[in-house]
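Student: Got a file for you: coords01.cif, mmCIF, C-alpha atoms.
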data_query
loop_
_atom_site.label_atom_id
_atom_site.label_comp_id
_atom_site.auth_asym_id
_atom_site.auth_seq_id
_atom_site.Cartn_x
_atom_site.Cartn_y
_atom_site.Cartn_z
CA MET A 1 29.23 41.21 -30.12
CA ASN A 2 30.41 38.75 -27.58
CA LEU A 3 30.11 35.12 -28.47
CA ILE A 4 28.47 32.48 -26.42
CA PHE A 5 29.09 29.69 -24.08
CA CYS A 6 29.55 29.06 -20.49
CA VAL A 7 30.39 25.61 -19.28
CA PHE A 8 30.52 25.41 -15.57
CA TRP A 9 31.62 21.99 -14.41
CA CYS A 10 29.82 21.81 -11.12
CA CYS A 11 29.77 18.22 -10.00
CA LEU A 12 27.67 18.52 -6.91
CA PHE A 13 27.20 15.45 -4.81
CA LEU A 14 25.25 16.34 -1.71
CA SER A 15 24.68 13.68 0.85
CA SER A 16 22.54 13.47 3.93
CA SER A 17 20.64 10.92 5.92
CA ALA A 18 17.43 10.02 4.19
CA GLN A 19 14.42 11.00 6.20
CA ASN A 20 11.73 8.45 6.72
CA ILE A 21 8.43 9.09 4.96
CA ASP A 22 5.21 8.19 6.69
CA PHE A 23 3.23 6.32 4.05
CA ASN A 24 -0.40 5.29 4.31
CA ASN A 25 -0.27 1.58 5.12
CA ASN A 26 -3.63 1.04 3.51
CA LEU A 27 -2.35 2.29 0.15
CA SER A 28 -1.40 -0.54 -2.18
CA SER A 29 -0.61 -0.67 -5.86
CA SER A 30 -2.49 -2.59 -8.51
CA LEU A 31 0.47 -2.23 -10.87
CA SER A 32 3.90 -3.77 -10.56
CA PHE A 33 6.69 -1.59 -11.84
CA PHE A 34 9.24 -4.33 -11.28
CA PRO A 35 8.31 -7.48 -13.24
CA THR A 36 9.99 -10.62 -11.98
CA THR A 37 10.91 -11.92 -15.43
CA ASN A 38 12.17 -10.69 -18.78
CA PHE A 39 13.11 -7.26 -17.51
CA LYS A 40 16.71 -7.44 -16.42
CA ASN A 41 18.21 -6.58 -19.82
CA ILE A 42 15.84 -4.03 -21.32
CA VAL A 43 14.82 -0.42 -21.04
CA GLU A 44 11.07 -0.03 -20.62
CA THR A 45 8.97 3.02 -21.39
CA ARG A 46 6.17 3.73 -18.93
CA TRP A 47 3.67 6.50 -18.20
CA PHE A 48 2.90 8.22 -14.94
CA VAL A 49 -0.30 10.06 -13.99
CA GLN A 50 0.88 13.53 -13.01
CA ASP A 51 -0.97 16.55 -11.61
CA LEU A 52 -1.25 19.57 -13.89
CA ASP A 53 -1.10 22.09 -11.06
CA HIS A 54 0.53 20.94 -7.83
CA PHE A 55 -0.33 24.15 -6.02
CA ASN A 56 -4.08 24.39 -6.59
CA ASN A 57 -6.10 21.93 -4.54
CA THR A 58 -9.24 22.71 -6.51
CA ASP A 59 -7.65 21.74 -9.85
CA ASN A 60 -7.92 17.97 -10.37
CA ARG A 61 -6.62 17.87 -13.93
CA THR A 62 -3.92 15.32 -14.71
CA TRP A 63 -1.71 14.33 -17.63
CA MET A 64 0.55 11.43 -18.62
CA GLN A 65 4.27 11.90 -18.02
CA ARG A 66 6.71 9.57 -19.77
CA TYR A 67 9.55 7.84 -18.00
CA HIS A 68 12.05 5.04 -18.62
CA VAL A 69 13.15 2.21 -16.35
CA ASN A 70 16.30 0.07 -16.44
CA MET A 71 16.56 -2.60 -13.74
CA LYS A 72 19.49 -4.48 -15.28
CA TYR A 73 21.96 -3.56 -12.54
CA TYR A 74 19.60 -3.43 -9.58
CA LYS A 75 20.12 -5.66 -6.56
CA GLU A 76 18.14 -5.70 -3.36
CA ASP A 77 18.92 -2.78 -1.05
CA GLY A 78 20.59 -0.89 -3.90
CA PRO A 79 19.96 2.84 -4.43
CA VAL A 80 17.70 4.39 -7.03
CA PHE A 81 19.17 6.71 -9.65
CA LEU A 82 16.91 9.29 -11.29
CA LEU A 83 18.06 11.01 -14.47
CA VAL A 84 16.02 14.18 -14.87
CA GLY A 85 15.02 15.31 -18.34
CA GLY A 86 15.67 18.88 -19.38
CA ARG A 87 14.63 21.02 -22.33
CA GLU A 88 14.52 18.14 -24.77
CA GLU A 89 13.04 14.72 -25.42
CA ILE A 90 14.39 11.89 -23.29
CA SER A 91 16.15 9.04 -25.09
CA GLU A 92 16.36 5.33 -24.33
CA SER A 93 20.04 5.45 -25.29
CA TRP A 94 20.72 7.52 -22.16
CA MET A 95 19.51 4.53 -20.12
CA LEU A 96 22.26 2.31 -21.50
CA SER A 97 25.47 4.34 -21.31
CA GLY A 98 27.12 7.29 -19.65
CA ALA A 99 28.77 7.96 -16.30
CA TRP A 100 25.56 7.47 -14.33
CA ILE A 101 25.06 3.99 -15.84
CA GLU A 102 28.65 3.12 -14.89
CA TYR A 103 27.84 4.23 -11.35
CA ALA A 104 24.66 2.12 -11.44
CA GLN A 105 26.73 -0.96 -12.21
CA ILE A 106 29.05 -0.23 -9.31
CA PHE A 107 26.33 0.51 -6.76
CA ASN A 108 23.66 -1.93 -8.04
CA ALA A 109 21.18 0.85 -8.67
CA ALA A 110 17.73 0.91 -10.23
CA CYS A 111 17.62 3.53 -12.99
CA PHE A 112 14.76 5.87 -13.86
CA GLN A 113 14.61 8.70 -16.37
CA LEU A 114 11.78 11.23 -16.09
CA GLU A 115 10.79 13.48 -18.99
CA HIS A 116 10.27 17.18 -18.26
CA ARG A 117 6.72 18.51 -18.64
CA TYR A 118 6.01 20.07 -22.06
CA TYR A 119 8.99 18.36 -23.72
CA GLY A 120 9.23 15.20 -25.79
CA MET A 121 6.01 13.24 -25.46
CA SER A 122 5.04 14.58 -22.03
CA HIS A 123 2.25 17.02 -22.90
CA PRO A 124 0.32 18.43 -19.91
CA THR A 125 -2.01 20.46 -22.17
CA ASP A 126 -3.49 20.21 -25.65
CA ASN A 127 -1.76 23.34 -26.93
CA LEU A 128 0.88 25.89 -26.01
CA ASN A 129 -1.20 29.02 -25.62
CA THR A 130 -0.15 31.59 -23.04
CA THR A 131 -2.59 30.32 -20.42
CA ASN A 132 -1.33 26.75 -20.69
CA LEU A 133 2.32 27.77 -20.61
CA SER A 134 1.73 29.21 -17.15
CA TYR A 135 2.16 25.60 -15.96
CA LEU A 136 5.67 25.44 -17.42
CA THR A 137 7.62 26.57 -14.37
CA VAL A 138 10.56 25.33 -12.34
CA GLU A 139 8.30 24.99 -9.29
CA GLN A 140 5.89 22.69 -11.16
CA ALA A 141 8.79 20.64 -12.58
CA LEU A 142 10.28 20.15 -9.12
CA ALA A 143 6.88 19.12 -7.77
CA ASP A 144 6.60 16.63 -10.65
CA MET A 145 9.81 15.02 -9.45
CA GLY A 146 8.62 14.94 -5.87
CA THR A 147 5.29 13.33 -6.76
CA PHE A 148 7.03 10.81 -9.00
CA ILE A 149 9.56 9.72 -6.35
CA SER A 150 6.93 9.54 -3.59
CA THR A 151 4.60 7.45 -5.73
CA MET A 152 7.34 5.07 -6.90
CA MET A 153 8.33 4.48 -3.29
CA ILE A 154 4.73 3.85 -2.24
CA GLU A 155 3.83 1.55 -5.12
CA ASN A 156 7.04 -0.44 -4.75
CA LYS A 157 7.27 -0.32 -0.98
CA ILE A 158 8.90 -3.73 -0.56
CA LEU A 159 11.82 -2.91 -2.86
CA LEU A 160 12.23 0.83 -2.46
CA ASP A 161 11.03 1.62 1.05
CA ARG A 162 14.56 2.11 2.38
CA ALA A 163 16.25 2.96 -0.91
CA LYS A 164 18.18 6.20 -1.21
CA TRP A 165 17.43 8.25 -4.31
CA VAL A 166 20.19 10.06 -6.17
CA GLY A 167 19.36 12.62 -8.86
CA PHE A 168 21.43 13.17 -12.00
CA GLY A 169 21.31 15.94 -14.56
CA SER A 170 23.36 18.24 -16.76
CA SER A 171 22.93 21.88 -17.69
CA TYR A 172 19.34 22.89 -16.85
CA SER A 173 18.37 19.41 -15.61
CA GLY A 174 21.44 19.42 -13.37
CA THR A 175 20.25 22.70 -11.93
CA LEU A 176 16.86 21.11 -11.31
CA VAL A 177 18.22 18.14 -9.36
CA THR A 178 20.34 20.46 -7.22
CA TRP A 179 17.40 22.72 -6.42
CA PHE A 180 15.28 19.63 -5.77
CA ARG A 181 17.84 18.34 -3.25
CA VAL A 182 17.61 21.67 -1.43
CA LYS A 183 13.81 21.91 -1.51
CA TYR A 184 12.93 18.25 -0.96
CA PRO A 185 15.87 16.82 1.07
CA HIS A 186 13.65 14.10 2.54
CA LEU A 187 13.12 12.64 -0.95
CA LEU A 188 16.57 12.98 -2.55
CA HIS A 189 19.66 11.74 -0.74
CA ALA A 190 22.14 13.35 -3.15
CA ALA A 191 22.34 15.28 -6.42
CA VAL A 192 24.97 15.02 -9.16
CA ALA A 193 24.93 18.06 -11.45
CA SER A 194 27.22 18.49 -14.46
CA SER A 195 27.80 21.81 -16.25
CA SER A 196 24.94 23.37 -14.35
CA PRO A 197 24.50 27.08 -13.58
CA LEU A 198 23.08 27.13 -10.07
CA GLN A 199 22.13 30.80 -9.97
CA ALA A 200 19.31 31.80 -12.32
CA LYS A 201 20.42 34.70 -14.51
CA ILE A 202 18.72 36.46 -17.41
CA ASN A 203 21.74 38.01 -19.15
CA PHE A 204 24.10 35.04 -19.05
CA GLU A 205 27.24 36.73 -20.40
CA GLU A 206 29.57 34.08 -19.00
CA TYR A 207 28.25 31.60 -21.54
CA PHE A 208 29.39 33.83 -24.41
CA THR A 209 32.71 34.54 -22.76
CA THR A 210 33.62 30.87 -22.51
CA VAL A 211 32.84 30.26 -26.19
CA GLN A 212 35.01 33.22 -27.05
CA ASP A 213 37.87 31.77 -25.01
CA LYS A 214 37.46 28.35 -26.62
CA LEU A 215 37.63 29.84 -30.12
CA LEU A 216 40.72 31.88 -29.24
CA ASN A 217 42.43 28.88 -27.67
CA TYR A 218 41.78 26.79 -30.76
CA ASN A 219 42.92 29.40 -33.26
CA LYS A 220 43.68 33.04 -32.44
CA LYS A 221 42.36 34.11 -35.85
CA CYS A 222 39.03 32.28 -35.56
CA GLU A 223 37.25 34.47 -33.02
CA PRO A 224 38.24 37.76 -34.77
CA SER A 225 36.80 36.46 -38.06
CA ILE A 226 33.45 35.76 -36.40
CA ARG A 227 33.56 39.13 -34.66
CA GLN A 228 34.26 40.76 -38.04
CA ALA A 229 31.20 39.05 -39.52
CA ASN A 230 29.03 40.35 -36.66
CA ASN A 231 30.33 43.89 -37.17
CA MET A 232 29.69 43.72 -40.90
CA ILE A 233 26.11 42.56 -40.30
CA SER A 234 25.58 45.40 -37.81
CA ASP A 235 26.83 47.94 -40.36
CA GLN A 236 24.60 46.58 -43.13
CA LEU A 237 21.53 46.71 -40.90
CA LYS A 238 21.94 50.49 -40.60
CA THR A 239 20.62 51.00 -44.15
CA ASN A 240 17.51 49.72 -45.89
CA TYR A 241 19.55 48.25 -48.73
CA GLY A 242 21.91 46.49 -46.34
CA ALA A 243 19.06 45.17 -44.21
CA LYS A 244 17.36 43.76 -47.30
CA SER A 245 20.60 42.02 -48.24
CA ILE A 246 20.86 40.43 -44.78
CA GLN A 247 17.21 39.34 -44.91
CA ILE A 248 17.80 37.56 -48.20
CA LYS A 249 21.17 36.12 -47.25
CA PHE A 250 19.93 34.62 -43.98
CA ASN A 251 16.39 33.90 -45.22
CA THR A 252 14.87 35.56 -42.15
CA CYS A 253 11.19 35.23 -41.37
CA CYS A 254 11.01 38.93 -40.60
CA ARG A 255 11.07 41.34 -43.55
CA HIS A 256 11.45 44.49 -41.48
CA LEU A 257 14.77 44.22 -39.68
CA THR A 258 15.44 47.96 -39.80
CA ASN A 259 12.12 48.79 -38.12
CA SER A 260 12.35 46.46 -35.13
CA THR A 261 15.01 46.36 -32.45
CA LYS A 262 13.60 43.06 -31.19
CA ASN A 263 13.93 41.46 -34.61
CA ILE A 264 17.57 42.51 -34.85
CA GLU A 265 18.23 41.18 -31.36
CA GLN A 266 16.63 37.88 -32.33
CA LEU A 267 18.81 37.65 -35.45
CA PHE A 268 22.02 38.05 -33.45
CA ARG A 269 20.70 35.72 -30.77
CA ASP A 270 20.13 33.01 -33.38
CA LEU A 271 23.55 33.54 -34.94
CA SER A 272 25.36 33.44 -31.60
CA ARG A 273 23.38 30.38 -30.52
CA PHE A 274 24.47 28.60 -33.69
CA ILE A 275 28.14 29.31 -33.00
CA GLY A 276 27.81 28.56 -29.29
CA LEU A 277 26.24 25.15 -29.71
CA ILE A 278 28.89 24.10 -32.21
CA VAL A 279 31.55 24.85 -29.60
CA GLN A 280 29.52 23.43 -26.72
CA TYR A 281 28.82 20.06 -28.35
CA ASN A 282 32.11 19.80 -30.21
CA GLU A 283 32.56 16.19 -31.37
CA ASP A 284 29.95 15.07 -28.87
CA ASP A 285 26.74 15.55 -30.79
CA ASN A 286 25.38 12.12 -31.74
CA HIS A 287 21.99 12.85 -30.19
CA TYR A 288 21.61 16.11 -32.09
CA ALA A 289 22.75 14.66 -35.41
CA LYS A 290 19.26 13.34 -36.04
CA THR A 291 17.56 16.70 -35.79
CA SER A 292 20.00 19.54 -36.31
CA ASN A 293 22.38 20.70 -39.03
CA GLU A 294 24.54 22.11 -36.24
CA SER A 295 25.64 18.57 -35.44
CA THR A 296 27.58 18.27 -38.72
CA LEU A 297 29.97 21.03 -37.64
CA THR A 298 32.74 20.92 -35.06
CA LEU A 299 35.00 23.58 -33.60
CA ALA A 300 37.66 22.59 -36.12
CA SER A 301 35.38 22.69 -39.17
CA LEU A 302 33.81 25.97 -38.01
CA CYS A 303 37.14 27.76 -37.70
CA ASP A 304 38.58 26.20 -40.86
CA THR A 305 35.56 27.43 -42.77
CA MET A 306 35.58 30.94 -41.28
CA LEU A 307 39.27 31.36 -42.15
CA ASN A 308 38.92 30.10 -45.73
CA GLU A 309 39.29 33.27 -47.81
CA ASN A 310 38.30 31.40 -50.96
CA LEU A 311 34.70 31.23 -49.70
CA GLY A 312 34.20 35.00 -49.78
CA SER A 313 33.55 37.54 -47.04
CA THR A 314 33.07 36.49 -43.42
CA VAL A 315 29.34 37.28 -43.68
CA SER A 316 28.97 35.00 -46.71
CA ILE A 317 30.89 32.29 -44.88
CA THR A 318 28.62 32.69 -41.84
CA VAL A 319 25.66 31.44 -43.88
CA PHE A 320 27.90 28.80 -45.45
CA ASN A 321 27.06 29.93 -48.99
CA GLU A 322 23.51 28.63 -48.76
#
Reformat the file's structure so that it appears as structure tokens.

Tutor:
Amino acid sequence: MNLIFCVFWCCLFLSSSAQNIDFNNNLSSSLSFFPTTNFKNIVETRWFVQDLDHFNNTDNRTWMQRYHVNMKYYKEDGPVFLLVGGREEISESWMLSGAWIEYAQIFNAACFQLEHRYYGMSHPTDNLNTTNLSYLTVEQALADMGTFISTMMIENKILLDRAKWVGFGSSYSGTLVTWFRVKYPHLLHAAVASSSPLQAKINFEEYFTTVQDKLLNYNKKCEPSIRQANNMISDQLKTNYGAKSIQIKFNTCCRHLTNSTKNIEQLFRDLSRFIGLIVQYNEDDNHYAKTSNESTLTLASLCDTMLNENLGSTVSITVFNE
């Protein structure tokens, strides 16, 4: 079984002349998003009234979308940087450090971070039933960004009327800002995307191939040991006794691995994801350390463990003797 991981490093910085937006002059804001005092050195959490369905004029339902603001580096006529949230909760720490914050200091930019619908604390619906998840689409997420930018520009017309917006993101969120730049060029002057696959693909084999290469480059014996473990698991799943052993060893929710192809696929998907994320976030996992055991492992510790014959077979090592 191929292992996982594909890290494209696509740093896409598209630039074009910002198109003027014809705002309603009679529209004014009762809220100030830019306080004149006590705001220059803090990150503030705010909430934005967002449409549930941007493409149904008869649906007036709304929800509260969370976003962060950091005006510490902003100076008049500076640009506006928007960090787009992806498939995870946004963090205030991302408003204080990173390449985009360094750029904000250089270009005197205002900084926003917008949480993706259905993630973190941005809940468009009360539950995640199939009907409600129909609103979790790329098209809706892009429209969220467009509504957010347009509203911020309207409600802060004096400061942001002529400001150029630049979107930032990585992985999926980097893909979003790139697609947004293409679909809404009048709202986003440029997009900076890091490690972002720009072509949607269901069977993303390149991700696994890159992890495989990384493991081989680190230690030529590491990848074969993981491959051996996968082959041993596949062989055991061919018999009822072996499948029962795997179910116990990995503490799977499913008790019928031999009777369901989908369950077996899910098992290998979970195992490969575990290995892939260790390689992907190698020694750069502070955010995940709070919520995931994966964060305690690095590429070095993974390979050292898999090659330690004193720990038993490669399958036993894979579950780390739990």

Student: Could you expand the PyMOL selection byres ((chain A and resi 48-56) around 9) into the explicit residues it covers here, written as number ranges by chain?

Tutor: A: 46-47, 57-67, 124-125, 135, 139-140, 143-144, 147-148

Student: Report as an MDAnalysis selection string the full result of the PyMOL selection byres ((chain A and resi 201-217) around 12) when it is applied to this structure.

Tutor: chainID A and resid 1:8 171 195:200 218:227 269 272:282 298:304 306

Student: Taking into account all atoms listed in the file, which residue in the set A:Glu92, A:Leu267, A:Ile233, A:Thr261 is nearest to A:Ser313?

Tutor: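 Ranked by minimum distance to A:Ser313, first place goes to A:Ile233.
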
Student: What separation in Å, quoted to one decimal, exists between atom CA of A:Gln236 and atom CA of A:Gln266?

Tutor: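 Atom-to-atom, atom CA of A:Gln236 to atom CA of A:Gln266, that is 16.0 Å.
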
Student: Select, from A:Pro79, A:Ala99, A:Cys111, A:Asp270, the residue with the minimum atom-to-atom distance to A:Ile42, counting all atoms listed in the file.

Tutor: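 When distances to A:Ile42 are compared using all atoms listed in the file, the smallest one comes from A:Cys111.
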
Student: Could you check how far atom CA of A:Val138 sits from atom CA of A:Val177, in Å to one decimal?

Tutor: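 Going from atom CA of A:Val138 over to atom CA of A:Val177, I get 10.9 Å.
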
Student: Find the residue from A:Leu114, A:Leu83, A:Met95, A:Val166 that sits nearest to A:Val43; use all atoms listed in the file when measuring.

Tutor: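 Closest to A:Val43, using all atoms listed in the file: A:Met95.
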
Student: Please measure the separation of atom CA of A:Asn70 and atom CA of A:Gln113, giving the value in Å to one decimal.

Tutor: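 Spanning atom CA of A:Asn70 to atom CA of A:Gln113 is a straight-line distance of 8.8 Å.
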
Student: Compile the contact shell of A:Ala109 as number ranges by chain: residues with an atom at most 6 Å away, counting all atoms listed in the file, same-chain residues fewer than 6 positions apart removed.

Tutor: A: 73-74, 78-80

Student: From the set A:Ala141, A:Glu44, A:Trp179, A:Ser173, which residue has the shortest atom-to-atom contact distance to A:Ser93, counting only C-alpha atoms?

Tutor: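 So, comparing all the options, the nearest one is A:Glu44.
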
Student: Let me make sure I understand: among A:Leu136, A:Leu188, A:Asp77, A:Ala193, which one has the smallest atom-to-atom distance to A:Trp100 if we use all atoms listed in the file?

Tutor: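 Looking only at the distances to A:Trp100, the closest residue turns out to be A:Ala193.
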
Student: Go through A:Leu133, A:Ile90, A:Ile264, A:Ile149 and flag the residue nearest A:His186, using all atoms listed in the file for the distances.

Tutor: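 Closest residue, counting all atoms listed in the file: A:Ile149.
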
Student: N, CA and C atoms are needed for stretch 135-164 of chain A; please write them out as a compact mmCIF listing (two decimals), keeping the file's coordinate frame.

Tutor:
# COMPACT_ATOMS: atom_id res chain seq x y z
N TYR A 135 1.83 26.80 -16.74
CA TYR A 135 2.16 25.60 -15.96
C TYR A 135 3.57 25.10 -16.26
N LEU A 136 4.29 25.80 -17.12
CA LEU A 136 5.67 25.44 -17.42
C LEU A 136 6.59 26.29 -16.55
N THR A 137 6.78 25.84 -15.31
CA THR A 137 7.62 26.57 -14.37
C THR A 137 8.56 25.60 -13.66
N VAL A 138 9.62 26.14 -13.11
CA VAL A 138 10.56 25.33 -12.34
C VAL A 138 9.86 24.72 -11.13
N GLU A 139 9.00 25.50 -10.47
CA GLU A 139 8.30 24.99 -9.29
C GLU A 139 7.44 23.77 -9.62
N GLN A 140 6.73 23.82 -10.75
CA GLN A 140 5.89 22.69 -11.16
C GLN A 140 6.76 21.49 -11.52
N ALA A 141 7.89 21.73 -12.19
CA ALA A 141 8.79 20.64 -12.58
C ALA A 141 9.38 19.95 -11.35
N LEU A 142 9.75 20.74 -10.35
CA LEU A 142 10.28 20.15 -9.12
C LEU A 142 9.21 19.34 -8.40
N ALA A 143 7.98 19.85 -8.40
CA ALA A 143 6.88 19.12 -7.77
C ALA A 143 6.58 17.84 -8.52
N ASP A 144 6.74 17.86 -9.86
CA ASP A 144 6.60 16.63 -10.65
C ASP A 144 7.56 15.56 -10.15
N MET A 145 8.80 15.95 -9.93
CA MET A 145 9.81 15.02 -9.45
C MET A 145 9.45 14.48 -8.08
N GLY A 146 8.98 15.37 -7.21
CA GLY A 146 8.62 14.94 -5.87
C GLY A 146 7.46 13.96 -5.88
N THR A 147 6.43 14.24 -6.67
CA THR A 147 5.29 13.33 -6.76
C THR A 147 5.70 11.99 -7.34
N PHE A 148 6.57 12.04 -8.35
CA PHE A 148 7.03 10.81 -9.00
C PHE A 148 7.79 9.92 -8.00
N ILE A 149 8.77 10.50 -7.30
CA ILE A 149 9.56 9.72 -6.35
C ILE A 149 8.68 9.15 -5.24
N SER A 150 7.81 9.99 -4.68
CA SER A 150 6.93 9.54 -3.59
C SER A 150 6.05 8.38 -4.04
N THR A 151 5.49 8.50 -5.23
CA THR A 151 4.60 7.45 -5.73
C THR A 151 5.35 6.17 -6.03
N MET A 152 6.55 6.28 -6.63
CA MET A 152 7.34 5.07 -6.90
C MET A 152 7.68 4.35 -5.61
N MET A 153 7.98 5.10 -4.57
CA MET A 153 8.33 4.48 -3.29
C MET A 153 7.11 3.81 -2.65
N ILE A 154 5.94 4.42 -2.81
CA ILE A 154 4.73 3.85 -2.24
C ILE A 154 4.32 2.58 -3.00
N GLU A 155 4.33 2.67 -4.31
CA GLU A 155 3.83 1.55 -5.12
C GLU A 155 4.81 0.39 -5.18
N ASN A 156 6.05 0.63 -4.77
CA ASN A 156 7.04 -0.44 -4.75
C ASN A 156 7.70 -0.49 -3.37
N LYS A 157 6.82 -0.47 -2.36
CA LYS A 157 7.27 -0.32 -0.98
C LYS A 157 8.26 -1.40 -0.56
N ILE A 158 8.04 -2.63 -0.99
CA ILE A 158 8.90 -3.73 -0.56
C ILE A 158 10.34 -3.52 -1.04
N LEU A 159 10.49 -3.07 -2.30
CA LEU A 159 11.82 -2.91 -2.86
C LEU A 159 12.46 -1.56 -2.52
N LEU A 160 11.66 -0.51 -2.52
CA LEU A 160 12.23 0.83 -2.46
C LEU A 160 11.97 1.58 -1.16
N ASP A 161 11.40 0.93 -0.19
CA ASP A 161 11.03 1.62 1.05
C ASP A 161 12.23 2.27 1.71
N ARG A 162 13.36 1.58 1.72
CA ARG A 162 14.56 2.11 2.38
C ARG A 162 15.61 2.61 1.39
N ALA A 163 15.28 2.58 0.12
CA ALA A 163 16.25 2.96 -0.91
C ALA A 163 16.54 4.46 -0.87
N LYS A 164 17.78 4.80 -1.11
CA LYS A 164 18.18 6.20 -1.21
C LYS A 164 18.18 6.61 -2.68
